[in-house]
$ cat final_33.cif   # mmCIF, C-alpha atoms
data_entry
#
loop_
_atom_site.label_atom_id
_atom_site.label_comp_id
_atom_site.auth_asym_id
_atom_site.auth_seq_id
_atom_site.Cartn_x
_atom_site.Cartn_y
_atom_site.Cartn_z
CA ALA A 1 72.71 -64.62 132.28
CA GLN A 2 72.25 -64.85 128.54
CA ARG A 3 70.53 -67.97 127.35
CA VAL A 4 69.07 -69.36 124.14
CA THR A 5 66.47 -72.11 124.24
CA GLN A 6 65.37 -74.30 121.38
CA PRO A 7 62.62 -76.50 122.80
CA GLU A 8 62.56 -79.09 120.03
CA LYS A 9 65.47 -81.45 119.52
CA LEU A 10 63.88 -82.96 116.44
CA LEU A 11 61.26 -81.66 114.05
CA SER A 12 59.95 -83.87 111.31
CA VAL A 13 57.71 -82.57 108.51
CA PHE A 14 56.67 -83.64 105.05
CA LYS A 15 57.86 -81.91 101.91
CA GLY A 16 55.66 -78.92 101.12
CA ALA A 17 54.46 -78.50 104.70
CA PRO A 18 55.13 -75.32 106.67
CA VAL A 19 57.91 -75.44 109.20
CA GLU A 20 58.59 -73.37 112.30
CA LEU A 21 61.67 -73.84 114.45
CA LYS A 22 61.29 -72.18 117.80
CA CYS A 23 63.87 -70.08 119.59
CA ASN A 24 63.52 -68.16 122.83
CA TYR A 25 66.20 -66.08 124.45
CA SER A 26 66.90 -64.36 127.71
CA TYR A 27 68.93 -61.18 127.75
CA SER A 28 68.13 -57.91 129.42
CA GLY A 29 69.73 -55.69 126.80
CA SER A 30 69.44 -55.50 123.03
CA PRO A 31 70.80 -58.69 121.56
CA GLU A 32 71.53 -59.61 118.00
CA LEU A 33 69.92 -62.86 116.97
CA PHE A 34 71.03 -65.29 114.31
CA TRP A 35 70.13 -68.62 112.80
CA TYR A 36 72.97 -70.93 111.84
CA VAL A 37 72.59 -74.13 109.85
CA GLN A 38 74.73 -77.21 109.50
CA TYR A 39 73.98 -79.52 106.59
CA SER A 40 75.26 -83.09 106.68
CA ARG A 41 79.06 -83.19 106.46
CA GLN A 42 79.30 -79.43 106.03
CA ARG A 43 80.48 -76.61 108.23
CA LEU A 44 78.31 -74.52 110.44
CA GLN A 45 77.20 -71.50 108.46
CA LEU A 46 75.11 -68.42 108.94
CA LEU A 47 71.59 -68.67 107.58
CA LEU A 48 70.19 -65.30 108.54
CA ARG A 49 70.39 -62.50 111.09
CA HIS A 50 67.51 -60.53 112.56
CA ILE A 51 68.95 -57.14 111.74
CA SER A 52 69.00 -57.72 108.00
CA ARG A 53 65.32 -58.72 107.83
CA GLU A 54 66.05 -60.85 104.79
CA SER A 55 64.70 -64.11 103.47
CA ILE A 56 67.31 -66.78 102.78
CA LYS A 57 66.37 -70.01 101.01
CA GLY A 58 62.75 -69.14 101.75
CA PHE A 59 63.36 -68.88 105.50
CA THR A 60 62.41 -65.84 107.53
CA ALA A 61 62.67 -65.01 111.21
CA ASP A 62 61.16 -62.14 113.13
CA LEU A 63 62.50 -60.86 116.40
CA ASN A 64 59.71 -60.50 118.95
CA LYS A 65 61.15 -58.58 121.87
CA GLY A 66 57.95 -58.84 123.88
CA GLU A 67 57.99 -62.61 123.76
CA THR A 68 61.80 -62.78 123.56
CA SER A 69 61.51 -65.10 120.59
CA PHE A 70 63.16 -65.46 117.20
CA HIS A 71 61.35 -68.30 115.49
CA LEU A 72 62.49 -69.51 112.06
CA LYS A 73 59.77 -70.12 109.50
CA LYS A 74 59.38 -71.45 106.00
CA PRO A 75 56.02 -71.85 104.29
CA PHE A 76 56.92 -74.88 102.18
CA ALA A 77 59.68 -77.19 103.38
CA GLN A 78 62.00 -78.88 100.90
CA GLU A 79 64.00 -82.08 101.37
CA GLU A 80 67.23 -80.11 101.05
CA ASP A 81 66.24 -78.14 104.16
CA SER A 82 67.01 -81.19 106.29
CA ALA A 83 69.82 -80.10 108.63
CA MET A 84 70.68 -79.01 112.16
CA TYR A 85 69.53 -75.49 112.93
CA TYR A 86 71.03 -73.41 115.72
CA CYS A 87 69.67 -70.18 117.10
CA ALA A 88 72.36 -67.87 118.47
CA LEU A 89 72.61 -64.59 120.33
CA SER A 90 75.41 -62.07 120.50
CA TYR A 91 75.67 -59.20 122.94
CA GLY A 92 77.90 -56.41 124.05
CA GLY A 93 78.47 -55.11 120.54
CA SER A 94 80.55 -58.07 119.40
CA GLN A 95 79.48 -60.90 117.17
CA GLY A 96 82.45 -62.98 118.18
CA ASN A 97 80.94 -64.39 121.36
CA LEU A 98 77.86 -66.24 120.26
CA ILE A 99 75.57 -67.96 122.72
CA PHE A 100 74.00 -70.94 120.95
CA GLY A 101 70.89 -72.94 121.59
CA LYS A 102 71.27 -76.70 121.58
CA GLY A 103 69.90 -77.00 118.10
CA THR A 104 66.93 -78.53 116.33
CA LYS A 105 67.33 -81.28 113.80
CA LEU A 106 64.92 -80.72 110.94
CA SER A 107 63.98 -83.73 108.90
CA VAL A 108 61.91 -83.15 105.77
CA LYS A 109 60.36 -86.34 104.46
CA PRO A 110 59.47 -86.85 100.79
CA LYS B 1 89.50 -67.37 99.34
CA ALA B 2 90.42 -70.40 101.37
CA GLY B 3 88.15 -71.06 104.31
CA VAL B 4 89.02 -71.31 107.96
CA THR B 5 91.43 -74.18 108.54
CA GLN B 6 91.99 -76.08 111.75
CA THR B 7 94.77 -78.50 112.58
CA PRO B 8 94.90 -81.24 113.50
CA ARG B 9 91.49 -82.56 112.50
CA TYR B 10 91.60 -85.45 114.95
CA LEU B 11 93.53 -85.92 118.16
CA ILE B 12 93.66 -88.61 120.82
CA LYS B 13 95.18 -87.82 124.20
CA THR B 14 95.16 -89.35 127.65
CA ARG B 15 94.07 -87.78 130.91
CA GLY B 16 96.57 -85.39 132.39
CA GLN B 17 98.22 -84.51 129.09
CA GLN B 18 98.01 -81.14 127.44
CA VAL B 19 97.01 -80.28 123.90
CA THR B 20 97.37 -77.37 121.49
CA LEU B 21 94.93 -76.76 118.67
CA SER B 22 95.52 -74.37 115.80
CA CYS B 23 93.22 -72.19 113.72
CA SER B 24 94.07 -70.21 110.61
CA PRO B 25 91.43 -67.61 109.77
CA ILE B 26 90.34 -66.50 106.35
CA SER B 27 92.90 -64.13 104.86
CA GLY B 28 92.21 -60.60 106.04
CA HIS B 29 90.10 -61.65 109.02
CA ARG B 30 91.36 -60.26 112.30
CA SER B 31 89.04 -61.94 114.75
CA VAL B 32 89.06 -65.56 115.87
CA SER B 33 86.61 -67.17 118.27
CA TRP B 34 86.70 -70.66 119.74
CA TYR B 35 83.79 -72.91 120.68
CA GLN B 36 83.47 -76.31 122.29
CA GLN B 37 80.76 -78.64 120.99
CA THR B 38 79.61 -81.66 122.97
CA PRO B 39 76.43 -83.75 122.72
CA GLY B 40 75.37 -82.79 126.23
CA GLN B 41 76.17 -79.09 126.36
CA GLY B 42 75.99 -78.17 122.69
CA LEU B 43 78.06 -75.28 121.38
CA GLN B 44 79.72 -73.25 124.11
CA PHE B 45 81.78 -70.11 123.66
CA LEU B 46 85.38 -70.39 124.87
CA PHE B 47 87.11 -67.14 123.91
CA GLU B 48 87.37 -64.42 121.32
CA TYR B 49 90.54 -62.77 120.06
CA PHE B 50 90.93 -59.63 118.03
CA SER B 51 94.26 -58.10 117.05
CA GLU B 52 96.14 -60.39 119.44
CA THR B 53 93.98 -59.38 122.41
CA GLN B 54 91.46 -61.55 124.18
CA ARG B 55 88.19 -59.65 124.05
CA ASN B 56 85.84 -62.07 125.69
CA LYS B 57 86.09 -65.29 127.61
CA GLY B 58 83.45 -67.89 128.26
CA ASN B 59 82.81 -69.78 131.46
CA PHE B 60 85.58 -72.36 131.27
CA PRO B 61 88.29 -73.21 133.81
CA GLY B 62 91.75 -71.75 133.59
CA ARG B 63 93.03 -74.98 132.04
CA PHE B 64 91.67 -73.57 128.79
CA SER B 65 93.78 -70.81 127.32
CA GLY B 66 94.42 -69.28 123.98
CA ARG B 67 96.39 -66.73 122.07
CA GLN B 68 96.44 -64.96 118.76
CA PHE B 69 99.48 -64.13 116.70
CA SER B 70 100.24 -61.05 114.64
CA ASN B 71 99.15 -62.88 111.47
CA SER B 72 95.76 -63.52 113.15
CA ARG B 73 96.35 -67.25 113.47
CA SER B 74 95.19 -68.53 116.82
CA GLU B 75 95.98 -71.42 119.10
CA MET B 76 94.11 -72.79 122.06
CA ASN B 77 95.66 -74.91 124.76
CA VAL B 78 94.07 -77.26 127.22
CA SER B 79 96.24 -78.44 130.09
CA THR B 80 95.71 -81.38 132.41
CA LEU B 81 93.15 -82.97 130.15
CA GLU B 82 90.03 -84.54 131.64
CA LEU B 83 87.68 -87.06 130.08
CA GLY B 84 85.03 -84.37 129.86
CA ASP B 85 87.22 -82.31 127.55
CA SER B 86 86.46 -84.76 124.74
CA ALA B 87 84.65 -82.62 122.21
CA LEU B 88 84.68 -81.01 118.81
CA TYR B 89 86.51 -77.69 119.02
CA LEU B 90 85.42 -75.15 116.45
CA CYS B 91 87.00 -71.88 115.56
CA ALA B 92 85.39 -69.08 113.62
CA SER B 93 86.85 -65.99 112.02
CA SER B 94 85.43 -62.66 110.98
CA LEU B 95 86.73 -59.38 109.64
CA ASN B 96 86.06 -57.28 112.68
CA PRO B 97 83.17 -58.14 114.97
CA LEU B 98 83.16 -54.63 116.38
CA ALA B 99 82.78 -52.89 113.05
CA ALA B 100 80.02 -50.33 112.75
CA SER B 101 78.31 -52.53 110.24
CA SER B 102 76.42 -55.35 111.83
CA TYR B 103 76.98 -57.47 108.79
CA ASN B 104 80.02 -59.19 110.18
CA GLU B 105 79.58 -62.84 109.52
CA GLN B 106 81.36 -65.54 111.48
CA PHE B 107 82.91 -68.21 109.24
CA PHE B 108 83.45 -71.55 110.93
CA GLY B 109 86.16 -74.10 110.43
CA PRO B 110 85.65 -77.86 110.21
CA GLY B 111 86.69 -78.41 113.81
CA THR B 112 89.23 -80.52 115.66
CA ARG B 113 87.84 -83.69 117.21
CA LEU B 114 89.61 -84.25 120.55
CA THR B 115 89.24 -87.58 122.31
CA VAL B 116 90.58 -87.93 125.84
CA LEU B 117 91.12 -91.50 127.05
#

$ encode --input "final_33.cif" --output "structure tokens"
Amino acid sequence: AQRVTQPEKLLSVFKGAPVELKCNYSYSGSPELFWYVQYSRQRLQLLLRHISRESIKGFTADLNKGETSFHLKKPFAQEEDSAMYYCALSYGGSQGNLIFGKGTKLSVKP
Amino acid sequence: KAGVTQTPRYLIKTRGQQVTLSCSPISGHRSVSWYQQTPGQGLQFLFEYFSETQRNKGNFPGRFSGRQFSNSRSEMNVSTLELGDSALYLCASSLNPLAASSYNEQFFGPGTRLTVL
């Protein structure tokens, strides 16, 4: 069965420090991986997707099929990065049936 | 464009009752997906509709059902409510999740908070 695991419920770093939010997945085929973010009192929104290989708000994520991981990284955390981050997987050619991890709450301290 | 809207925003029901939640997608979007969010289980996929047809269904009992109308608006229904159905129900819309382009972003609504007493 498809599964997404985010091992850390809470990650706390200081402003300017590097941050890495871990995500591992299990799926035998070729999944599409995403990172979604939810800022306080805002809606869940897409941060980035593996297929676009882009950097959004300084965040990047590389799909490692060998390790079945899709970790989210940022070299210098900012206070405004504080939010809930969800890793998600879609399969079967549709992006409408996302399998989410349980999320990691990132807290960036001043 | 207006975002995804969900009504009602809050709902209180008692065990055994049924409930209907509504989702209006972004204008032009043809796909609507539903998710249940609870503190224990996180975000779980319920079902996906595209052009009035259910494309995918998650691992939920038959008490959970949904439908999509010709204007792409969607409703989900939960019958014989149980305490464990208390959750935030989110819907998301997209243009066409099957489109050749993989750049088919899901836009989420604010959710309906259902409390079952």

$ resolve_selection --input "final_33.cif" --expression "the PyMOL selection byres ((chain A) within 9 of (chain B))" --output "NGL selection string"
:A and (32 or 42-46 or 49 or 51-52 or 93-103)

$ resolve_selection --input "final_33.cif" --expression "the PyMOL selection byres ((chain A and resi 25) around 6)" --output "PyMOL selection string"
chain A and resi 3-4+24+26+68

$ resolve_selection --input "final_33.cif" --expression "the PyMOL selection byres ((chain A and resi 31) around 8)" --output "list in words"
Tyr27, Gly29, Ser30, Glu32, Leu33, Leu89, Ser90, Tyr91 and Gly92 of chain A

$ atom_distance --input "final_33.cif" --atom1 "atom CA of Ser79 of chain B" --atom2 "atom CA of Gln17 of chain B"
6.5 Å

$ atom_distance --input "final_33.cif" --atom1 "atom CA of Ala83 of chain A" --atom2 "atom CA of Tyr39 of chain A"
4.7 Å

$ atom_distance --input "final_33.cif" --atom1 "atom CA of Phe59 of chain A" --atom2 "atom CA of Ser40 of chain A"
18.6 Å

$ closest_residue --input "final_33.cif" --among "B:Thr115, B:Ser74, B:Thr53, B:Thr80" --to "Arg9 of chain B" --atoms "only C-alpha atoms"
B:Thr115

$ residues_around --input "final_33.cif" --residues "Gly28 of chain B" --least-positions-apart "6" --cutoff "12 Å" --atoms "only C-alpha atoms" --output "PDB file with C-alpha atoms, in the coordinates of the input"
ATOM      1  CA  LYS B   1      89.500 -67.370  99.340  1.00  0.00           C
ATOM      2  CA  ALA B   2      90.420 -70.400 101.370  1.00  0.00           C
ATOM      3  CA  GLY B   3      88.150 -71.060 104.310  1.00  0.00           C
ATOM      4  CA  VAL B   4      89.020 -71.310 107.960  1.00  0.00           C
ATOM      5  CA  SER B  51      94.260 -58.100 117.050  1.00  0.00           C
ATOM      6  CA  SER B  70     100.240 -61.050 114.640  1.00  0.00           C
ATOM      7  CA  ASN B  71      99.150 -62.880 111.470  1.00  0.00           C
ATOM      8  CA  SER B  72      95.760 -63.520 113.150  1.00  0.00           C
ATOM      9  CA  ARG B  73      96.350 -67.250 113.470  1.00  0.00           C
ATOM     10  CA  SER B  93      86.850 -65.990 112.020  1.00  0.00           C
ATOM     11  CA  SER B  94      85.430 -62.660 110.980  1.00  0.00           C
ATOM     12  CA  LEU B  95      86.730 -59.380 109.640  1.00  0.00           C
ATOM     13  CA  ASN B  96      86.060 -57.280 112.680  1.00  0.00           C
TER      14      ASN B  96
END

$ closest_residue --input "final_33.cif" --among "A:Leu48, A:Val19, A:Val37, A:Cys87" --to "Pro7 of chain A" --atoms "all atoms listed in the file"
A:Cys87

$ closest_residue --input "final_33.cif" --among "B:Gln36, B:Thr112, B:Leu83, B:Gln18" --to "Arg63 of chain B" --atoms "all atoms listed in the file"
B:Gln18

$ closest_residue --input "final_33.cif" --among "A:Lys22, A:Glu79, A:Gly66, A:Val108" --to "Lys9 of chain A" --atoms "all atoms listed in the file"
A:Lys22

$ build_atoms --input "final_33.cif" --residues "segment 81-92 of chain A" --atoms "all heavy atoms" --output "mmCIF file, in the coordinates of the input"
data_model
loop_
_atom_site.group_PDB
_atom_site.id
_atom_site.type_symbol
_atom_site.label_atom_id
_atom_site.label_comp_id
_atom_site.auth_asym_id
_atom_site.auth_seq_id
_atom_site.Cartn_x
_atom_site.Cartn_y
_atom_site.Cartn_z
ATOM 1 N N ASP A 81 66.216 -78.924 102.920
ATOM 2 C CA ASP A 81 66.240 -78.140 104.160
ATOM 3 C C ASP A 81 66.625 -79.004 105.364
ATOM 4 O O ASP A 81 66.861 -78.468 106.455
ATOM 5 C CB ASP A 81 64.873 -77.499 104.424
ATOM 6 C CG ASP A 81 64.479 -76.490 103.362
ATOM 7 O OD1 ASP A 81 65.391 -75.850 102.790
ATOM 8 O OD2 ASP A 81 63.272 -76.367 103.092
ATOM 9 N N SER A 82 66.658 -80.301 105.184
ATOM 10 C CA SER A 82 67.010 -81.190 106.290
ATOM 11 C C SER A 82 68.418 -80.868 106.776
ATOM 12 O O SER A 82 69.378 -80.892 105.996
ATOM 13 C CB SER A 82 66.955 -82.655 105.841
ATOM 14 O OG SER A 82 65.636 -83.016 105.492
ATOM 15 N N ALA A 83 68.543 -80.550 108.064
ATOM 16 C CA ALA A 83 69.820 -80.100 108.630
ATOM 17 C C ALA A 83 69.627 -79.840 110.117
ATOM 18 O O ALA A 83 68.526 -79.916 110.652
ATOM 19 C CB ALA A 83 70.295 -78.823 107.939
ATOM 20 N N MET A 84 70.739 -79.490 110.777
ATOM 21 C CA MET A 84 70.680 -79.010 112.160
ATOM 22 C C MET A 84 70.603 -77.483 112.121
ATOM 23 O O MET A 84 71.382 -76.838 111.411
ATOM 24 C CB MET A 84 71.934 -79.409 112.933
ATOM 25 C CG MET A 84 71.915 -80.808 113.484
ATOM 26 S SD MET A 84 70.685 -81.062 114.763
ATOM 27 C CE MET A 84 71.291 -80.003 116.074
ATOM 28 N N TYR A 85 69.705 -76.940 112.890
ATOM 29 C CA TYR A 85 69.530 -75.490 112.930
ATOM 30 C C TYR A 85 69.816 -74.997 114.351
ATOM 31 O O TYR A 85 69.280 -75.523 115.329
ATOM 32 C CB TYR A 85 68.112 -75.111 112.519
ATOM 33 C CG TYR A 85 67.846 -75.339 111.049
ATOM 34 C CD1 TYR A 85 67.537 -76.615 110.574
ATOM 35 C CD2 TYR A 85 67.941 -74.293 110.137
ATOM 36 C CE1 TYR A 85 67.316 -76.843 109.222
ATOM 37 C CE2 TYR A 85 67.711 -74.508 108.780
ATOM 38 C CZ TYR A 85 67.401 -75.784 108.339
ATOM 39 O OH TYR A 85 67.178 -75.994 106.996
ATOM 40 N N TYR A 86 70.654 -73.979 114.437
ATOM 41 C CA TYR A 86 71.030 -73.410 115.720
ATOM 42 C C TYR A 86 70.633 -71.937 115.778
ATOM 43 O O TYR A 86 70.967 -71.162 114.875
ATOM 44 C CB TYR A 86 72.533 -73.506 115.960
ATOM 45 C CG TYR A 86 73.075 -74.912 116.063
ATOM 46 C CD1 TYR A 86 73.566 -75.562 114.942
ATOM 47 C CD2 TYR A 86 73.108 -75.576 117.292
ATOM 48 C CE1 TYR A 86 74.069 -76.853 115.026
ATOM 49 C CE2 TYR A 86 73.611 -76.868 117.383
ATOM 50 C CZ TYR A 86 74.084 -77.489 116.250
ATOM 51 O OH TYR A 86 74.580 -78.766 116.344
ATOM 52 N N CYS A 87 69.954 -71.578 116.831
ATOM 53 C CA CYS A 87 69.670 -70.180 117.100
ATOM 54 C C CYS A 87 70.810 -69.635 117.965
ATOM 55 O O CYS A 87 71.326 -70.356 118.833
ATOM 56 C CB CYS A 87 68.338 -70.076 117.834
ATOM 57 S SG CYS A 87 67.784 -68.404 118.180
ATOM 58 N N ALA A 88 71.232 -68.417 117.711
ATOM 59 C CA ALA A 88 72.360 -67.870 118.470
ATOM 60 C C ALA A 88 72.130 -66.395 118.779
ATOM 61 O O ALA A 88 71.432 -65.689 118.049
ATOM 62 C CB ALA A 88 73.660 -68.043 117.690
ATOM 63 N N LEU A 89 72.751 -65.965 119.855
ATOM 64 C CA LEU A 89 72.610 -64.590 120.330
ATOM 65 C C LEU A 89 73.996 -64.003 120.541
ATOM 66 O O LEU A 89 74.901 -64.688 121.026
ATOM 67 C CB LEU A 89 71.840 -64.631 121.663
ATOM 68 C CG LEU A 89 71.673 -63.410 122.546
ATOM 69 C CD1 LEU A 89 70.454 -63.618 123.440
ATOM 70 C CD2 LEU A 89 72.876 -63.165 123.438
ATOM 71 N N SER A 90 74.175 -62.770 120.159
ATOM 72 C CA SER A 90 75.410 -62.070 120.500
ATOM 73 C C SER A 90 75.048 -60.805 121.268
ATOM 74 O O SER A 90 73.960 -60.260 121.098
ATOM 75 C CB SER A 90 76.238 -61.730 119.266
ATOM 76 O OG SER A 90 75.646 -60.682 118.532
ATOM 77 N N TYR A 91 75.948 -60.354 122.091
ATOM 78 C CA TYR A 91 75.670 -59.200 122.940
ATOM 79 C C TYR A 91 76.937 -58.393 123.153
ATOM 80 O O TYR A 91 78.034 -58.836 122.812
ATOM 81 C CB TYR A 91 75.107 -59.673 124.291
ATOM 82 C CG TYR A 91 76.090 -60.504 125.077
ATOM 83 C CD1 TYR A 91 76.896 -59.944 126.074
ATOM 84 C CD2 TYR A 91 76.222 -61.870 124.831
ATOM 85 C CE1 TYR A 91 77.799 -60.704 126.785
ATOM 86 C CE2 TYR A 91 77.131 -62.636 125.537
ATOM 87 C CZ TYR A 91 77.909 -62.054 126.510
ATOM 88 O OH TYR A 91 78.795 -62.815 127.211
ATOM 89 N N GLY A 92 76.751 -57.230 123.721
ATOM 90 C CA GLY A 92 77.900 -56.410 124.050
ATOM 91 C C GLY A 92 78.587 -55.807 122.844
ATOM 92 O O GLY A 92 79.738 -55.387 122.927
#
